[in-house]
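Q: Input structure: protein16.tsv, which contains TSV, C-alpha atoms.
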chain	number	residue	atom	x	y	z
C	1	MET	CA	-23.93	-12.01	0.82
C	2	SER	CA	-24.17	-9.63	-2.13
C	3	ILE	CA	-21.63	-9.85	-4.95
C	4	ASP	CA	-18.81	-7.31	-5.22
C	5	ILE	CA	-19.43	-6.68	-8.90
C	6	LYS	CA	-16.65	-4.13	-9.32
C	7	SER	CA	-13.97	-6.71	-8.46
C	8	LEU	CA	-15.32	-9.16	-11.07
C	9	ARG	CA	-13.60	-9.69	-14.41
C	10	ASP	CA	-15.57	-8.89	-17.55
C	11	SER	CA	-16.05	-12.59	-18.23
C	12	GLU	CA	-17.43	-13.09	-14.72
C	13	ILE	CA	-19.92	-10.24	-15.16
C	14	THR	CA	-20.98	-11.80	-18.46
C	15	GLU	CA	-21.51	-15.18	-16.78
C	16	LEU	CA	-23.54	-13.56	-14.02
C	17	LEU	CA	-25.79	-11.84	-16.53
C	18	LYS	CA	-26.11	-15.07	-18.51
C	19	SER	CA	-27.44	-16.80	-15.39
C	20	TRP	CA	-30.12	-14.07	-15.28
C	21	ASN	CA	-30.87	-14.44	-19.02
C	22	VAL	CA	-29.58	-10.93	-19.65
C	23	PRO	CA	-27.84	-10.23	-23.02
C	24	ALA	CA	-24.04	-10.30	-22.88
C	25	PHE	CA	-23.65	-6.79	-24.30
C	26	ARG	CA	-24.94	-5.40	-21.02
C	27	ALA	CA	-21.72	-6.55	-19.35
C	28	LYS	CA	-19.69	-3.99	-21.28
C	29	GLN	CA	-22.14	-1.24	-20.35
C	30	ILE	CA	-21.86	-2.18	-16.68
C	31	ARG	CA	-18.06	-2.28	-16.86
C	32	ASN	CA	-17.96	1.17	-18.46
C	33	TRP	CA	-20.00	2.57	-15.57
C	34	LEU	CA	-17.85	0.83	-12.98
C	35	ASP	CA	-14.65	2.10	-14.62
C	36	ASN	CA	-16.05	5.62	-14.44
C	37	GLY	CA	-16.39	5.33	-10.68
C	38	VAL	CA	-20.17	5.24	-10.24
C	39	ALA	CA	-21.27	4.58	-6.68
C	40	SER	CA	-24.75	3.17	-7.34
C	41	PHE	CA	-26.61	1.14	-9.92
C	42	ASP	CA	-29.17	3.92	-10.26
C	43	GLU	CA	-26.52	5.95	-12.10
C	44	MET	CA	-26.34	3.32	-14.86
C	45	SER	CA	-28.91	5.15	-16.96
C	46	ASN	CA	-28.58	3.08	-20.13
C	47	LEU	CA	-29.58	-0.14	-18.34
C	48	PRO	CA	-33.22	-1.23	-18.14
C	49	ALA	CA	-34.87	-0.37	-14.83
C	50	ALA	CA	-35.55	-4.07	-14.17
C	51	LEU	CA	-31.84	-4.92	-14.55
C	52	ARG	CA	-30.83	-2.07	-12.27
C	53	GLU	CA	-33.19	-3.43	-9.62
C	54	GLN	CA	-31.80	-6.93	-10.06
C	55	LEU	CA	-28.26	-5.61	-9.67
C	56	LYS	CA	-29.25	-3.74	-6.50
C	57	GLU	CA	-30.80	-6.89	-5.09
C	58	HIS	CA	-27.84	-9.20	-5.72
C	59	CYS	CA	-24.73	-6.99	-6.08
C	60	ARG	CA	-22.93	-4.05	-4.52
C	61	ILE	CA	-20.31	-1.52	-5.60
C	62	PRO	CA	-17.74	-1.16	-2.78
C	63	SER	CA	-16.81	2.47	-2.23
C	64	VAL	CA	-15.01	4.72	0.24
C	65	LYS	CA	-16.07	8.00	1.81
C	66	ILE	CA	-13.68	10.76	2.86
C	67	VAL	CA	-14.15	11.41	6.58
C	68	ARG	CA	-10.90	13.33	7.19
C	69	ARG	CA	-8.64	15.15	4.75
C	70	LEU	CA	-5.43	16.96	5.66
C	71	VAL	CA	-3.60	18.99	3.01
C	72	SER	CA	0.00	20.04	3.58
C	73	ALA	CA	0.65	23.76	3.22
C	74	ILE	CA	4.27	22.84	2.42
C	75	ASP	CA	4.04	20.45	-0.54
C	76	GLU	CA	0.35	19.63	-1.21
C	77	THR	CA	0.68	16.13	0.25
C	78	THR	CA	-2.86	15.04	1.11
C	79	LYS	CA	-3.66	12.54	3.84
C	80	TYR	CA	-7.05	10.84	3.75
C	81	LEU	CA	-9.02	8.87	6.26
C	82	PHE	CA	-11.53	6.82	4.25
C	83	GLU	CA	-14.58	5.15	5.72
C	84	LEU	CA	-15.62	1.82	4.21
C	85	GLU	CA	-19.18	0.61	3.87
C	86	ASP	CA	-19.00	-1.40	7.11
C	87	GLY	CA	-17.76	1.60	9.12
C	88	HIS	CA	-14.10	0.57	9.26
C	89	THR	CA	-11.57	3.23	8.31
C	90	VAL	CA	-8.29	3.14	6.39
C	91	GLU	CA	-5.69	5.74	5.49
C	92	SER	CA	-4.18	6.80	2.19
C	93	VAL	CA	-1.65	9.48	1.26
C	94	LEU	CA	-1.48	11.41	-2.02
C	95	MET	CA	1.97	12.83	-2.85
C	96	LYS	CA	3.04	15.28	-5.53
C	97	TYR	CA	6.33	14.68	-7.34
C	98	LYS	CA	7.91	16.24	-10.43
C	99	HIS	CA	6.83	13.22	-12.46
C	100	GLY	CA	3.21	13.36	-11.26
C	101	TRP	CA	0.97	12.28	-8.41
C	102	SER	CA	1.67	9.10	-6.46
C	103	GLN	CA	-0.72	7.52	-3.98
C	104	CYS	CA	0.09	5.28	-1.04
C	105	LEU	CA	-2.77	2.81	-0.56
C	106	SER	CA	-3.95	0.60	2.28
C	107	THR	CA	-4.56	-3.10	1.61
C	108	GLN	CA	-6.00	-4.14	5.00
C	109	VAL	CA	-7.93	-2.65	7.88
C	110	GLY	CA	-5.18	-2.76	10.49
C	111	CYS	CA	-2.39	-5.34	10.33
C	112	ARG	CA	-1.44	-8.53	12.14
C	113	MET	CA	2.32	-8.32	11.59
C	114	GLY	CA	2.93	-6.53	14.91
C	115	CYS	CA	6.07	-4.56	14.04
C	116	SER	CA	7.31	-2.69	17.09
C	117	PHE	CA	7.71	0.70	15.39
C	118	CYS	CA	4.39	0.80	13.51
C	119	ALA	CA	1.12	2.49	14.49
C	120	THR	CA	-1.05	0.48	12.09
C	121	GLY	CA	-0.67	-2.88	13.82
C	122	ILE	CA	-1.33	-1.76	17.40
C	123	ASP	CA	-4.94	-2.99	17.30
C	124	GLY	CA	-4.29	-5.99	15.05
C	125	LEU	CA	-6.08	-6.98	11.84
C	126	ALA	CA	-9.79	-6.29	11.39
C	127	ARG	CA	-10.17	-7.53	7.82
C	128	ASN	CA	-8.72	-7.58	4.31
C	129	LEU	CA	-9.65	-4.95	1.76
C	130	LEU	CA	-11.41	-5.99	-1.43
C	131	PRO	CA	-9.81	-5.18	-4.80
C	132	ALA	CA	-12.57	-2.66	-5.48
C	133	GLU	CA	-11.89	-0.92	-2.16
C	134	MET	CA	-8.26	-0.42	-3.17
C	135	ILE	CA	-9.31	1.00	-6.53
C	136	ALA	CA	-11.88	3.20	-4.77
C	137	GLN	CA	-9.13	4.93	-2.77
C	138	ILE	CA	-7.57	6.12	-6.04
C	139	GLU	CA	-10.89	7.15	-7.55
C	140	ALA	CA	-11.84	9.12	-4.44
C	141	ALA	CA	-8.51	10.99	-4.31
C	142	GLN	CA	-8.57	11.78	-8.03
C	143	LYS	CA	-12.10	13.14	-7.81
C	144	ASP	CA	-11.35	15.11	-4.65
C	145	ARG	CA	-8.20	16.82	-5.97
C	146	GLY	CA	-9.07	16.92	-9.66
C	147	ILE	CA	-5.84	15.15	-10.61
C	148	ARG	CA	-4.71	11.88	-12.18
C	149	VAL	CA	-2.71	9.42	-10.09
C	150	SER	CA	0.18	8.09	-12.18
C	151	SER	CA	1.88	5.75	-9.71
C	152	VAL	CA	0.84	3.62	-6.75
C	153	VAL	CA	2.62	2.46	-3.62
C	154	LEU	CA	1.15	-0.40	-1.59
C	155	MET	CA	2.72	0.80	1.62
C	156	GLY	CA	-0.25	2.09	3.61
C	157	MET	CA	-2.13	0.17	6.30
C	158	GLY	CA	-1.71	-3.60	6.18
C	159	GLU	CA	0.66	-6.20	4.74
C	160	PRO	CA	-0.12	-6.56	1.00
C	161	LEU	CA	1.17	-10.12	0.74
C	162	ASP	CA	-1.07	-11.14	3.65
C	163	ASN	CA	-4.00	-10.22	1.38
C	164	TYR	CA	-2.41	-11.89	-1.61
C	165	GLU	CA	-5.32	-12.88	-3.88
C	166	ASN	CA	-7.15	-9.59	-3.46
C	167	VAL	CA	-3.98	-7.60	-4.13
C	168	LEU	CA	-3.28	-9.60	-7.30
C	169	ARG	CA	-6.81	-8.94	-8.54
C	170	PHE	CA	-6.40	-5.25	-7.69
C	171	LEU	CA	-3.19	-5.12	-9.76
C	172	GLU	CA	-5.03	-6.72	-12.67
C	173	MET	CA	-7.82	-4.12	-12.37
C	174	LEU	CA	-5.29	-1.32	-12.04
C	175	GLU	CA	-3.66	-2.09	-15.37
C	176	THR	CA	-6.86	-2.57	-17.35
C	177	GLU	CA	-7.67	0.13	-19.90
C	178	GLY	CA	-10.81	2.10	-19.18
C	179	GLY	CA	-10.30	2.41	-15.43
C	180	VAL	CA	-7.52	4.22	-13.57
C	181	HIS	CA	-5.08	2.46	-15.95
C	182	ILE	CA	-1.68	2.45	-14.24
C	183	GLY	CA	1.03	0.12	-15.57
C	184	MET	CA	2.92	-2.31	-13.36
C	185	ARG	CA	6.23	-0.46	-13.72
C	186	HIS	CA	4.56	2.38	-11.83
C	187	VAL	CA	3.61	0.18	-8.86
C	188	SER	CA	5.64	-0.49	-5.72
C	189	LEU	CA	4.60	-3.19	-3.26
C	190	SER	CA	6.05	-3.18	0.25
C	191	THR	CA	6.23	-6.29	2.41
C	192	CYS	CA	7.66	-6.97	5.84
C	193	GLY	CA	9.07	-10.18	4.40
C	194	LEU	CA	6.57	-13.00	3.83
C	195	VAL	CA	9.13	-15.18	2.10
C	196	ASP	CA	6.74	-17.78	0.70
C	197	ARG	CA	4.62	-15.07	-0.90
C	198	ILE	CA	7.70	-13.35	-2.36
C	199	TYR	CA	8.38	-16.54	-4.30
C	200	ASP	CA	4.71	-16.68	-5.35
C	201	LEU	CA	4.86	-13.07	-6.52
C	202	MET	CA	8.07	-13.78	-8.42
C	203	ASN	CA	6.25	-16.43	-10.42
C	204	GLU	CA	3.50	-13.98	-11.41
C	205	ASP	CA	6.05	-12.23	-13.67
C	206	LEU	CA	4.79	-8.76	-12.80
C	207	GLN	CA	7.06	-5.80	-13.45
C	208	ILE	CA	6.32	-4.11	-10.13
C	209	THR	CA	8.99	-2.81	-7.76
C	210	LEU	CA	9.31	-4.94	-4.65
C	211	SER	CA	10.10	-3.04	-1.44
C	212	ILE	CA	11.27	-4.94	1.62
C	213	SER	CA	10.75	-3.53	5.11
C	214	LEU	CA	14.10	-4.73	6.41
C	215	HIS	CA	14.85	-2.33	9.30
C	216	ALA	CA	17.64	-4.48	10.79
C	217	PRO	CA	20.74	-6.20	9.39
C	218	ASN	CA	20.67	-9.34	11.54
C	219	ASN	CA	18.26	-11.85	13.02
C	220	GLU	CA	18.73	-10.92	16.67
C	221	LEU	CA	17.76	-7.29	16.18
C	222	ARG	CA	15.11	-7.93	13.53
C	223	ARG	CA	13.30	-10.45	15.74
C	224	LYS	CA	13.00	-7.82	18.47
C	225	MET	CA	11.47	-5.36	16.01
C	226	MET	CA	9.43	-7.59	13.67
C	227	PRO	CA	7.63	-10.81	14.65
C	228	VAL	CA	7.79	-12.05	11.04
C	229	ALA	CA	11.56	-12.48	11.54
C	230	ARG	CA	10.85	-15.32	13.97
C	231	ARG	CA	9.54	-17.34	11.03
C	232	TRP	CA	12.03	-16.39	8.33
C	233	THR	CA	15.65	-15.41	8.87
C	234	VAL	CA	17.33	-12.44	7.23
C	235	GLU	CA	19.30	-14.93	5.12
C	236	GLU	CA	16.11	-16.62	3.89
C	237	LEU	CA	14.57	-13.25	3.10
C	238	LEU	CA	17.59	-12.03	1.16
C	239	ALA	CA	17.73	-15.31	-0.77
C	240	ALA	CA	14.09	-14.78	-1.83
C	241	CYS	CA	14.92	-11.22	-2.87
C	242	LYS	CA	17.86	-12.41	-4.99
C	243	ALA	CA	15.62	-14.96	-6.68
C	244	TYR	CA	13.04	-12.24	-7.35
C	245	THR	CA	15.65	-9.97	-8.93
C	246	ASP	CA	17.14	-12.81	-10.99
C	247	ARG	CA	13.68	-13.73	-12.30
C	248	THR	CA	12.28	-10.25	-12.96
C	249	GLY	CA	15.37	-8.10	-13.50
C	250	ARG	CA	13.80	-5.57	-11.12
C	251	ARG	CA	15.82	-3.80	-8.45
C	252	ILE	CA	14.80	-4.43	-4.84
C	253	SER	CA	14.18	-1.45	-2.57
C	254	TYR	CA	15.05	-2.06	1.08
C	255	GLU	CA	13.18	0.17	3.53
C	256	TYR	CA	15.12	0.91	6.71
C	257	ALA	CA	13.46	3.00	9.46
C	258	MET	CA	16.19	4.80	11.35
C	259	ILE	CA	15.37	4.59	15.07
C	260	ASP	CA	17.64	6.34	17.53
C	261	GLY	CA	19.78	3.94	19.55
C	262	VAL	CA	18.09	0.85	18.11
C	263	ASN	CA	19.27	0.11	14.57
C	264	ASP	CA	21.29	3.18	13.55
C	265	SER	CA	24.81	2.31	14.73
C	266	ASP	CA	27.91	2.18	12.55
C	267	ALA	CA	28.02	-1.55	13.24
C	268	CYS	CA	24.53	-1.98	11.75
C	269	ALA	CA	25.57	0.00	8.67
C	270	HIS	CA	28.70	-2.10	8.12
C	271	GLU	CA	26.67	-5.29	8.52
C	272	LEU	CA	24.19	-4.07	5.90
C	273	VAL	CA	27.08	-3.52	3.52
C	274	ARG	CA	28.29	-7.08	4.06
C	275	LYS	CA	24.80	-8.53	3.53
C	276	LEU	CA	23.75	-6.48	0.50
C	277	LYS	CA	26.93	-5.60	-1.40
C	278	GLY	CA	26.85	-6.90	-4.96
C	279	THR	CA	23.05	-7.17	-5.12
C	280	LEU	CA	20.74	-5.11	-7.33
C	281	CYS	CA	19.17	-2.91	-4.68
C	282	HIS	CA	18.53	0.51	-3.25
C	283	ILE	CA	18.49	1.32	0.47
C	284	ASN	CA	15.78	3.78	1.46
C	285	LEU	CA	16.63	5.22	4.88
C	286	ILE	CA	13.50	6.52	6.61
C	287	PRO	CA	13.65	8.87	9.60
C	288	ALA	CA	11.32	7.04	12.01
C	289	ASN	CA	8.09	8.67	13.15
C	290	SER	CA	7.10	8.99	16.77
C	291	VAL	CA	4.16	6.70	17.58
C	292	ALA	CA	1.83	7.27	20.51
C	293	GLY	CA	2.33	4.51	23.08
C	294	LYS	CA	5.75	3.52	21.73
C	295	ASP	CA	9.06	4.73	23.13
C	296	GLN	CA	11.02	5.57	20.00
C	297	LYS	CA	12.45	8.60	18.26
C	298	ARG	CA	14.08	9.17	14.92
C	299	SER	CA	17.82	9.18	14.41
C	300	SER	CA	19.57	12.54	14.40
C	301	LYS	CA	20.63	14.16	11.13
C	302	THR	CA	24.24	13.52	12.11
C	303	ARG	CA	23.56	9.82	12.60
C	304	LEU	CA	21.59	9.62	9.35
C	305	LYS	CA	24.50	11.11	7.43
C	306	ALA	CA	27.09	8.86	9.07
C	307	PHE	CA	24.97	5.77	8.35
C	308	THR	CA	24.41	6.82	4.74
C	309	ASP	CA	28.11	7.54	4.23
C	310	ILE	CA	29.06	4.03	5.38
C	311	LEU	CA	26.57	2.44	2.99
C	312	THR	CA	27.64	4.50	-0.02
C	313	ALA	CA	31.35	4.02	0.77
C	314	GLY	CA	30.61	0.29	0.80
C	315	GLY	CA	29.22	0.44	-2.74
C	316	LEU	CA	25.51	0.50	-1.94
C	317	ASN	CA	22.97	2.88	-3.44
C	318	ALA	CA	21.43	4.59	-0.40
C	319	THR	CA	19.39	7.74	0.14
C	320	VAL	CA	17.41	9.31	2.96
C	321	ARG	CA	13.73	9.48	2.11
C	322	ARG	CA	12.49	13.02	1.60
C	323	THR	CA	9.88	13.90	4.21
C	324	LEU	CA	6.57	14.85	2.60
C	325	GLY	CA	3.61	16.29	4.44
C	326	SER	CA	5.63	16.91	7.60
C	327	ASP	CA	3.08	19.44	8.82
C	328	ILE	CA	0.25	16.88	8.65
C	329	ASN	CA	2.13	13.83	9.96
C	330	ALA	CA	1.65	12.02	6.66
C	331	SER	CA	2.76	8.54	7.71
C	332	CYS	CA	0.03	5.90	7.95
C	333	GLY	CA	-1.73	4.59	11.03
C	334	GLN	CA	-2.04	7.51	13.42
C	335	LEU	CA	-4.91	9.40	11.84
C	336	ARG	CA	-7.10	6.32	12.10
C	337	ARG	CA	-6.13	5.73	15.73
C	338	ASN	CA	-6.82	9.35	16.61
C	339	GLN	CA	-10.23	9.07	14.97
C	340	GLU	CA	-11.17	5.85	16.73
C	341	THR	CA	-9.83	6.76	20.16
C	342	GLY	CA	-10.92	10.39	20.09
C	343	ALA	CA	-7.38	11.40	20.97
C	344	GLU	CA	-7.38	14.33	18.58
C	345	GLN	CA	-9.93	16.29	16.60
C	346	ILE	CA	-8.73	16.81	13.05
C	347	LEU	CA	-10.73	18.99	10.72
C	348	PRO	CA	-10.89	18.42	6.95
C	349	GLY	CA	-8.32	20.35	4.94
Using structure tokens, write down the structure that the file contains.
A:
Amino acid sequence: MSIDIKSLRDSEITELLKSWNVPAFRAKQIRNWLDNGVASFDEMSNLPAALREQLKEHCRIPSVKIVRRLVSAIDETTKYLFELEDGHTVESVLMKYKHGWSQCLSTQVGCRMGCSFCATGIDGLARNLLPAEMIAQIEAAQKDRGIRVSSVVLMGMGEPLDNYENVLRFLEMLETEGGVHIGMRHVSLSTCGLVDRIYDLMNEDLQITLSISLHAPNNELRRKMMPVARRWTVEELLAACKAYTDRTGRRISYEYAMIDGVNDSDACAHELVRKLKGTLCHINLIPANSVAGKDQKRSSKTRLKAFTDILTAGGLNATVRRTLGSDINASCGQLRRNQETGAEQILPG
């Protein structure tokens, strides 16, 4: 199999060239081209033709191609369906805020977590994304819109901590000068709660924001909604989160999808207060999206307000997530399913 050269560290590119008896200074030239988002070795015009041919023979530059693009007429939110080199597709969403552009990235093709309210995991996991394929999503969006992405959210398709090593390498690439160059304090990583990997991530000493897809205040309800809860209890998850905060000093963000008649009762809100009061956290209440093939609808505005009021009265920092790209259904998972099943024809924006 050819080598994913874009995901290599500079030292690894140097070692590769050394094995070919190529001078080490060529590694920096190659890195500069890769950081500038070239899609082929033929574009590396300052390399000898023989080296370019050798690179083409043994290496590849993973890239993504835009096959669908929807642009919101309301707020410029842009939803992409990217095609990978093997024909698989993943989604990404570009969002405009006062502080700049933020991009929600996918880390896997599909997902094997099987959460009951999620469109991404309906067909299971196809494969993990490579670090270069995560970077390529940013490069493609920046080139398409003529903007600079200033923050990243790993909350698209897939479970980031289920693709742990590749995600860590991506974060290393992300922060490196010369490329897209985004610092760790501008990165949020969302997990459904892989407790062992939360402890691993804690020990990496990264200054990212950890977001937890909690969605239920107790084990009975969470197990019905999220298979991962059958392995780790809410108590074990919250203990890992406390350890993460104690180690990093970073506030935890708890994601809570508000689903009508499922997890939006006053009792659920009061239980959340009991479980989370006194911890360094923020509760992000998310009006749930309708998913084809799943019988669920979002909580009413009245219920959202009542739930929020209970949390804030209990001393928790809680807000309802602002809906971006509502006219293009900007949540992840459904555009890919529509494309693959032919359920809907969506033209580029």
Q: Given only C-alpha atoms as the basis, pick out the residue of C:Leu154, C:Pro227, C:Ile74, C:Ala288 nearest to Arg112 in chain C.
A: C:Pro227
Q: Could you check the closest approach to Tyr97 in chain C for each of C:Ile212, C:Leu194, C:Val149, C:Ala132 and tell me which residue wins, using all atoms listed in the file?
A: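 Counting all atoms listed in the file, the residue closest to Tyr97 in chain C is C:Val149.
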Q: Have a look at C:Ile61, C:Ala239, C:Ile147, C:Ala318 and name the one nearest to Leu8 in chain C; count only C-alpha atoms.
A: C:Ile61
Q: How big is the axis-aligned box, and where does its centre sit, when it encloses all atoms of range 201-214 of chain C listed in the file and has 3 Å added on every side, reported in Å to one decimal as lines of an AutoDock Vina configuration file?
A:
center_x = 8.8
center_y = -9.6
center_z = -3.6
size_x = 16.6
size_y = 19.6
size_z = 26.1
Q: Just the residues within 8 Å of Ala140 in chain C, please, counting all atoms listed in the file, with nothing from its chain fewer than 2 positions along; format it as a short mmCIF file (atom, residue, chain, number, x, y, z; two decimals) with C-alpha atoms, in the frame of the given file.
A:
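What ended up in result12.cif:
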data_model
loop_
_atom_site.label_atom_id
_atom_site.label_comp_id
_atom_site.auth_asym_id
_atom_site.auth_seq_id
_atom_site.Cartn_x
_atom_site.Cartn_y
_atom_site.Cartn_z
CA VAL C 64 -15.01 4.72 0.24
CA LYS C 65 -16.07 8.00 1.81
CA ILE C 66 -13.68 10.76 2.86
CA ALA C 136 -11.88 3.20 -4.77
CA GLN C 137 -9.13 4.93 -2.77
CA ILE C 138 -7.57 6.12 -6.04
CA GLN C 142 -8.57 11.78 -8.03
CA LYS C 143 -12.10 13.14 -7.81
CA ASP C 144 -11.35 15.11 -4.65
#
Q: What does the structure give for the distance between CA of Ala73 in chain C and CA of Arg322 in chain C, in Å to one decimal?
A: 16.1 Å
Q: Near range 196-206 of chain C, within 10 Å and counting all atoms listed in the file, which residues show up once chain neighbours fewer than 3 positions away are dropped, as a PyMOL selection string?
A: chain C and resi 160-162+164+168+171+184-185+187+191+193+209-210+212+232+236-237+240-241+243-248+250
Q: Quick one: distance from CA of Arg52 in chain C to CA of Met173 in chain C in Å, one decimal?
A: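 Taking CA of Arg52 in chain C as the start and CA of Met173 in chain C as the end point, the length is 23.1 Å.
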Q: Quick one: residues within 9 Å of (22.8, -4.3, 7.5) (file frame), counting only C-alpha atoms, please, as a list in words.
A: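 Within the cut-off we find Leu214, His215, Ala216, Pro217, Asn218, Ala267, Cys268, Ala269, His270, Glu271, Leu272, Val273, Arg274, Lys275, Leu276 and Leu311 of chain C.
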Q: May I have the residues within 8 Å of range 81-86 of chain C as a list in words, using all atoms listed in the file and disregarding those fewer than 5 positions away in the same chain?
A: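 Listed by chain and then number, they are Pro62, Ser63, Val64, Lys65, Ile66, Val67, Arg68, Arg69, Glu91, Ser92, Glu133, Gln137, Leu335 and Arg336 of chain C.
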Q: Hey, can you check how far CA of Asp35 in chain C sits from CA of Cys111 in chain C?
A: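 Distance reported for this atom pair: 28.8 Å.
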Q: Using only C-alpha atoms for the distances, tell me which of C:Ile135, C:Leu51, C:Leu94, C:Leu316 is nearest to Thr176 in chain C.
A: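 That would be C:Ile135, the residue with the smallest distance to Thr176 in chain C.
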Q: When distances are computed from only C-alpha atoms, which of C:Glu139, C:Asp309, C:Glu15, C:Glu76 shows the smallest separation from Ala39 in chain C?
A: C:Glu139
Q: For Met258 in chain C, which of C:Ile208, C:Ala126, C:Leu304, C:Leu16 is the closest residue, counting all atoms listed in the file?
A: C:Leu304
Q: For Ser253 in chain C, work out the shell of residues within 9 Å, counting all atoms listed in the file and skipping chain neighbours fewer than 5 positions away, then give it as a PyMOL selection string.
A: chain C and resi 190+209-213+280-284
Q: If you count all atoms listed in the file, which residues fall within 6 Å of Arg298 in chain C, apart from same-chain ones fewer than 2 positions away, as a list of chain:residue names?
A: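 Selected residues are C:Ile259, C:Asp260, C:Pro287, C:Ala288.
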Q: Pop range 130-146 of chain C out of the structure in the block and write N, CA and C atoms as a short mmCIF file (atom, residue, chain, number, x, y, z; two decimals), in the first residue's frame.
A:
data_model
loop_
_atom_site.label_atom_id
_atom_site.label_comp_id
_atom_site.auth_asym_id
_atom_site.auth_seq_id
_atom_site.Cartn_x
_atom_site.Cartn_y
_atom_site.Cartn_z
N LEU C 130 -8.02 9.16 7.86
CA LEU C 130 -6.61 9.44 8.07
C LEU C 130 -6.44 10.87 8.55
N PRO C 131 -5.35 11.17 9.25
CA PRO C 131 -5.11 12.57 9.67
C PRO C 131 -5.17 13.53 8.49
N ALA C 132 -4.57 13.15 7.37
CA ALA C 132 -4.55 14.03 6.20
C ALA C 132 -5.94 14.26 5.65
N GLU C 133 -6.84 13.29 5.79
CA GLU C 133 -8.21 13.46 5.30
C GLU C 133 -8.99 14.43 6.18
N MET C 134 -8.64 14.52 7.45
CA MET C 134 -9.27 15.51 8.33
C MET C 134 -8.78 16.91 7.97
N ILE C 135 -7.47 17.03 7.78
CA ILE C 135 -6.90 18.31 7.36
C ILE C 135 -7.48 18.74 6.02
N ALA C 136 -7.66 17.78 5.11
CA ALA C 136 -8.14 18.09 3.76
C ALA C 136 -9.54 18.70 3.78
N GLN C 137 -10.36 18.33 4.76
CA GLN C 137 -11.69 18.93 4.87
C GLN C 137 -11.59 20.44 5.10
N ILE C 138 -10.64 20.84 5.94
CA ILE C 138 -10.43 22.26 6.21
C ILE C 138 -9.90 22.97 4.98
N GLU C 139 -8.90 22.37 4.35
CA GLU C 139 -8.29 22.99 3.17
C GLU C 139 -9.32 23.17 2.05
N ALA C 140 -10.18 22.17 1.87
CA ALA C 140 -11.18 22.24 0.80
C ALA C 140 -12.19 23.35 1.08
N ALA C 141 -12.64 23.46 2.33
CA ALA C 141 -13.62 24.50 2.68
C ALA C 141 -13.01 25.89 2.57
N GLN C 142 -11.77 26.04 3.02
CA GLN C 142 -11.11 27.34 2.94
C GLN C 142 -10.95 27.79 1.49
N LYS C 143 -10.55 26.86 0.64
CA LYS C 143 -10.37 27.18 -0.77
C LYS C 143 -11.70 27.49 -1.44
N ASP C 144 -12.73 26.72 -1.09
CA ASP C 144 -14.04 26.90 -1.70
C ASP C 144 -14.65 28.25 -1.35
N ARG C 145 -14.56 28.65 -0.07
CA ARG C 145 -15.22 29.88 0.38
C ARG C 145 -14.28 31.09 0.42
N GLY C 146 -13.00 30.86 0.23
CA GLY C 146 -12.05 31.97 0.27
C GLY C 146 -11.93 32.59 1.65
#
